[in-house]
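Enquirer: Quick one, upload13.cif (mmCIF, C-alpha atoms):
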data_work
loop_
_atom_site.group_PDB
_atom_site.id
_atom_site.type_symbol
_atom_site.label_atom_id
_atom_site.label_comp_id
_atom_site.auth_asym_id
_atom_site.auth_seq_id
_atom_site.Cartn_x
_atom_site.Cartn_y
_atom_site.Cartn_z
ATOM 1 C CA MET A 1 -2.538 -24.959 -13.133
ATOM 2 C CA ALA A 2 -5.999 -26.534 -13.258
ATOM 3 C CA GLY A 3 -8.144 -25.613 -16.211
ATOM 4 C CA VAL A 4 -5.411 -24.258 -18.488
ATOM 5 C CA SER A 5 -6.335 -26.679 -21.286
ATOM 6 C CA ALA A 6 -9.975 -25.554 -21.100
ATOM 7 C CA ILE A 7 -8.979 -21.952 -21.859
ATOM 8 C CA SER A 8 -8.286 -20.768 -25.384
ATOM 9 C CA VAL A 9 -6.836 -17.395 -26.334
ATOM 10 C CA ALA A 10 -7.176 -15.665 -29.680
ATOM 11 C CA ARG A 11 -6.627 -12.248 -31.161
ATOM 12 C CA ALA A 12 -9.833 -10.198 -31.022
ATOM 13 C CA GLU A 13 -11.703 -9.928 -34.319
ATOM 14 C CA ALA A 14 -14.468 -7.585 -35.476
ATOM 15 C CA GLY A 15 -17.201 -9.948 -34.258
ATOM 16 C CA ASP A 16 -15.756 -9.908 -30.721
ATOM 17 C CA LYS A 17 -16.467 -6.241 -30.068
ATOM 18 C CA GLU A 18 -19.405 -6.654 -27.664
ATOM 19 C CA ARG A 19 -17.621 -9.422 -25.736
ATOM 20 C CA TRP A 20 -14.534 -7.242 -25.370
ATOM 21 C CA ILE A 21 -16.512 -4.132 -24.387
ATOM 22 C CA ARG A 22 -18.289 -6.096 -21.636
ATOM 23 C CA LEU A 23 -14.904 -7.175 -20.214
ATOM 24 C CA TRP A 24 -13.390 -3.722 -20.820
ATOM 25 C CA ARG A 25 -16.155 -2.088 -18.757
ATOM 26 C CA LEU A 26 -15.718 -4.631 -15.933
ATOM 27 C CA TRP A 27 -11.982 -3.899 -15.940
ATOM 28 C CA GLN A 28 -12.683 -0.187 -15.654
ATOM 29 C CA LEU A 29 -14.998 -0.797 -12.681
ATOM 30 C CA HIS A 30 -12.309 -2.947 -11.065
ATOM 31 C CA MET A 31 -9.758 -0.154 -11.580
ATOM 32 C CA SER A 32 -12.210 2.579 -10.466
ATOM 33 C CA GLY A 33 -11.803 4.334 -13.785
ATOM 34 C CA ALA A 34 -13.851 5.250 -16.804
ATOM 35 C CA VAL A 35 -12.686 5.461 -20.396
ATOM 36 C CA PRO A 36 -14.698 7.713 -22.728
ATOM 37 C CA ASP A 37 -16.620 5.897 -25.462
ATOM 38 C CA ALA A 38 -14.620 7.660 -28.189
ATOM 39 C CA VAL A 39 -11.358 6.342 -26.714
ATOM 40 C CA THR A 40 -12.828 2.852 -26.381
ATOM 41 C CA GLU A 41 -13.855 2.922 -30.043
ATOM 42 C CA ARG A 42 -10.449 4.188 -31.161
ATOM 43 C CA THR A 43 -8.724 1.487 -29.112
ATOM 44 C CA TRP A 44 -10.926 -1.172 -30.686
ATOM 45 C CA GLN A 45 -10.292 0.085 -34.212
ATOM 46 C CA ARG A 46 -6.529 0.205 -33.630
ATOM 47 C CA ALA A 47 -6.581 -3.368 -32.350
ATOM 48 C CA LEU A 48 -8.320 -4.588 -35.511
ATOM 49 C CA ASP A 49 -5.465 -3.377 -37.730
ATOM 50 C CA PRO A 50 -3.312 -6.490 -38.330
ATOM 51 C CA ASN A 51 -0.293 -4.259 -39.022
ATOM 52 C CA GLY A 52 -0.982 -1.858 -36.164
ATOM 53 C CA ASP A 53 0.750 -1.295 -32.859
ATOM 54 C CA LEU A 54 -2.073 -2.498 -30.574
ATOM 55 C CA LEU A 55 -3.194 -6.055 -29.871
ATOM 56 C CA ILE A 56 -6.217 -7.286 -27.929
ATOM 57 C CA LEU A 57 -6.343 -10.952 -26.965
ATOM 58 C CA LEU A 58 -9.469 -12.639 -25.586
ATOM 59 C CA ALA A 59 -9.553 -15.684 -23.312
ATOM 60 C CA HIS A 60 -12.502 -18.057 -23.787
ATOM 61 C CA THR A 61 -13.811 -21.031 -21.861
ATOM 62 C CA ALA A 62 -14.373 -24.348 -23.629
ATOM 63 C CA ALA A 63 -18.008 -23.217 -24.007
ATOM 64 C CA GLY A 64 -16.854 -20.106 -25.897
ATOM 65 C CA GLU A 65 -17.552 -17.537 -23.161
ATOM 66 C CA ALA A 66 -15.114 -14.607 -23.169
ATOM 67 C CA ILE A 67 -13.762 -14.355 -19.621
ATOM 68 C CA GLY A 68 -10.654 -12.206 -19.918
ATOM 69 C CA PHE A 69 -8.517 -10.053 -22.136
ATOM 70 C CA ALA A 70 -5.061 -8.607 -22.556
ATOM 71 C CA THR A 71 -4.102 -5.351 -24.273
ATOM 72 C CA VAL A 72 -0.566 -5.069 -25.634
ATOM 73 C CA SER A 73 1.089 -2.152 -27.402
ATOM 74 C CA PHE A 74 4.251 -2.383 -29.466
ATOM 75 C CA SER A 75 6.793 0.358 -30.035
ATOM 76 C CA PRO A 76 10.339 0.566 -31.409
ATOM 77 C CA PHE A 77 13.075 0.018 -28.844
ATOM 78 C CA ALA A 78 16.066 2.242 -29.611
ATOM 79 C CA TRP A 79 18.611 -0.075 -27.979
ATOM 80 C CA THR A 80 17.816 -3.142 -30.076
ATOM 81 C CA GLY A 81 16.194 -1.907 -33.270
ATOM 82 C CA SER A 82 13.282 -4.272 -32.682
ATOM 83 C CA ASP A 83 9.939 -3.693 -31.023
ATOM 84 C CA ILE A 84 9.271 -3.825 -27.319
ATOM 85 C CA ALA A 85 5.869 -4.909 -25.973
ATOM 86 C CA PHE A 86 3.999 -3.212 -23.143
ATOM 87 C CA LEU A 87 1.258 -5.264 -21.502
ATOM 88 C CA GLN A 88 -1.188 -2.471 -20.741
ATOM 89 C CA ASP A 89 -4.020 -4.581 -19.351
ATOM 90 C CA LEU A 90 -4.576 -8.155 -18.265
ATOM 91 C CA PHE A 91 -8.015 -8.847 -16.828
ATOM 92 C CA VAL A 92 -9.907 -12.010 -15.944
ATOM 93 C CA MET A 93 -13.438 -11.950 -14.560
ATOM 94 C CA GLU A 94 -13.305 -12.519 -10.827
ATOM 95 C CA VAL A 95 -15.442 -15.665 -10.956
ATOM 96 C CA ASN A 96 -12.978 -17.211 -13.440
ATOM 97 C CA ARG A 97 -9.740 -16.384 -11.639
ATOM 98 C CA GLY A 98 -7.539 -19.282 -10.610
ATOM 99 C CA GLN A 99 -8.619 -21.394 -13.604
ATOM 100 C CA GLY A 100 -5.640 -20.644 -15.848
ATOM 101 C CA ALA A 101 -7.008 -17.784 -17.950
ATOM 102 C CA GLY A 102 -4.436 -15.254 -16.749
ATOM 103 C CA GLU A 103 -1.589 -17.644 -17.440
ATOM 104 C CA ALA A 104 -3.011 -18.510 -20.868
ATOM 105 C CA LEU A 105 -3.330 -14.811 -21.708
ATOM 106 C CA LEU A 106 0.215 -14.011 -20.621
ATOM 107 C CA ASP A 107 1.583 -16.993 -22.554
ATOM 108 C CA ALA A 108 -0.290 -15.747 -25.644
ATOM 109 C CA VAL A 109 1.152 -12.257 -25.128
ATOM 110 C CA TYR A 110 4.633 -13.803 -25.111
ATOM 111 C CA ARG A 111 3.894 -15.784 -28.300
ATOM 112 C CA HIS A 112 2.612 -12.709 -30.143
ATOM 113 C CA ALA A 113 5.601 -10.665 -28.958
ATOM 114 C CA ASP A 114 7.959 -13.379 -30.204
ATOM 115 C CA GLU A 115 6.183 -13.527 -33.566
ATOM 116 C CA ARG A 116 6.604 -9.774 -33.900
ATOM 117 C CA GLY A 117 10.260 -9.893 -32.886
ATOM 118 C CA ALA A 118 9.684 -8.009 -29.634
ATOM 119 C CA GLY A 119 12.467 -9.275 -27.399
ATOM 120 C CA GLN A 120 11.011 -7.765 -24.244
ATOM 121 C CA VAL A 121 7.551 -7.652 -22.709
ATOM 122 C CA TYR A 122 7.045 -5.409 -19.713
ATOM 123 C CA TRP A 123 4.146 -4.456 -17.465
ATOM 124 C CA MET A 124 3.321 -2.835 -14.166
ATOM 125 C CA VAL A 125 1.579 -4.179 -11.096
ATOM 126 C CA ASP A 126 0.179 -2.463 -8.033
ATOM 127 C CA GLU A 127 2.784 -2.640 -5.267
ATOM 128 C CA LYS A 128 0.019 -3.540 -2.788
ATOM 129 C CA ASN A 129 -1.304 -6.493 -4.813
ATOM 130 C CA GLU A 130 0.890 -9.286 -3.480
ATOM 131 C CA LYS A 131 -1.230 -12.065 -4.994
ATOM 132 C CA LEU A 132 -0.808 -10.615 -8.474
ATOM 133 C CA GLN A 133 2.897 -10.055 -7.851
ATOM 134 C CA ARG A 134 3.276 -13.772 -7.037
ATOM 135 C CA PHE A 135 1.489 -14.661 -10.284
ATOM 136 C CA TYR A 136 3.743 -12.410 -12.348
ATOM 137 C CA ALA A 137 6.875 -13.602 -10.521
ATOM 138 C CA ARG A 138 6.260 -17.061 -12.008
ATOM 139 C CA LYS A 139 6.097 -15.602 -15.517
ATOM 140 C CA GLY A 140 8.659 -12.813 -15.586
ATOM 141 C CA ILE A 141 11.570 -11.081 -13.924
ATOM 142 C CA ARG A 142 11.016 -8.261 -11.478
ATOM 143 C CA THR A 143 13.260 -5.355 -12.363
ATOM 144 C CA PRO A 144 14.842 -2.901 -9.931
ATOM 145 C CA TYR A 145 13.429 0.061 -11.857
ATOM 146 C CA LEU A 146 10.827 2.389 -10.401
ATOM 147 C CA ARG A 147 8.088 3.909 -12.511
ATOM 148 C CA TYR A 148 7.730 7.670 -12.722
ATOM 149 C CA MET A 149 5.149 9.562 -14.707
ATOM 150 C CA ARG A 150 4.139 13.107 -15.508
ATOM 151 C CA ALA A 151 0.653 12.946 -14.059
ATOM 152 C CA PRO A 152 -1.396 10.265 -12.320
ATOM 153 C CA TRP A 153 -3.820 8.148 -14.324
ATOM 154 C CA PRO A 154 -6.548 8.837 -15.262
#
I'd like the structure from this file rewritten - as structure tokens, please.
Expert:
Amino acid sequence: MAGVSAISVARAEAGDKERWIRLWRLWQLHMSGAVPDAVTERTWQRALDPNGDLLILLAHTAAGEAIGFATVSFSPFAWTGSDIAFLQDLFVMEVNRGQGAGEALLDAVYRHADERGAGQVYWMVDEKNEKLQRFYARKGIRTPYLRYMRAPWP
């Protein structure tokens, strides 16, 4: 994919807060949702804990501009005794899509999951978003399982 080498991905650090919040708000607009400021702050604080269960990764251009992020949560998986990783969010600014940032983010998610001993990474995708499904099909295995939930989000 063109541009992959120009994209770097790193775990978010305290000094990245404003860059992440800018992307976080764009993601919410894209998803037609709104997350309360208190939840945003709690999410950020959880992600800063190096021993915590939440990870935020930021994708940067060669010039250092933050153009995307991934949010991953880890939880114990009863069947294996190790953690399992849930990719909650993967967002790249629209103007930067197709340049390798999404692939770089997902590869970094896999690396962090491996480092943590999480044998599985799973995520969800809108059944109507065929372009995104094609992207994910190159990077993972589609399962036959359907998702059910108690109440719709948000």
Enquirer: Rounded to one decimal place, report the CA of Arg22 in chain A-CA of Glu65 in chain A distance in Å.
Expert: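 If I compute the distance from CA of Arg22 in chain A to CA of Glu65 in chain A, I get 11.6 Å.
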Enquirer: Which is closest to Trp79 in chain A among A:Pro50, A:Arg134, A:Gln120, A:Gly102, if we use all atoms listed in the file?
Expert: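 For Trp79 in chain A, the nearest of the given residues is A:Gln120.
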Enquirer: Starting from the displayed file, determine the output of the PyMOL selection byres ((chain A and resi 72) around 12) and express the residue list as a ChimeraX atom specification.
Expert: /A:11-12,43,46-47,52-58,69-71,73-75,83-90,105-106,108-113,116,118,120-123
Enquirer: Would you work out the distance separating CA of Trp20 in chain A from CA of Asp107 in chain A, expressed in Å to one decimal?
Expert: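 If I compute the distance from CA of Trp20 in chain A to CA of Asp107 in chain A, I get 19.0 Å.
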Enquirer: So which one's closest to Asp37 in chain A, A:Ile21, A:His60, A:Ala78, A:Val92? Using all atoms listed in the file, please.
Expert: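 Closest candidate: A:Ile21.
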Enquirer: Write out as a PyMOL selection string which residues come within 12 Å of Arg25 in chain A when counting all atoms listed in the file, dropping same-chain ones fewer than 3 positions away.
Expert: chain A and resi 18-22+28-37+40+68-69+91+93
Enquirer: Between CA of Ala59 in chain A and CA of Val9 in chain A, what is the distance in Å, rounded to a tenth?
Expert: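 Computing it gives 4.4 Å between the two atoms.
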Enquirer: Please work out which residues fall within 12 Å of (12.5, -0.3, -10.6), coordinates as given in the file, with only C-alpha atoms counting, and return them as a list in words.
Expert: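 Neighbouring residues, ordered by chain and number, come to Tyr122, Trp123, Met124, Val125, Glu127, Ile141, Arg142, Thr143, Pro144, Tyr145, Leu146, Arg147 and Tyr148 of chain A.
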Enquirer: Name every residue that the PyMOL selection byres ((chain A and resi 62) around 12) selects in this structure, writing the answer as a list in words with chains first and numbers rising.
Expert: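 So the PyMOL selection byres ((chain A and resi 62) around 12) ends up selecting Gly3, Val4, Ser5, Ala6, Ile7, Ser8, Val9, Ala59, His60, Thr61, Ala63, Gly64, Glu65, Ala66, Ile67, Gln99 and Ala101 of chain A.
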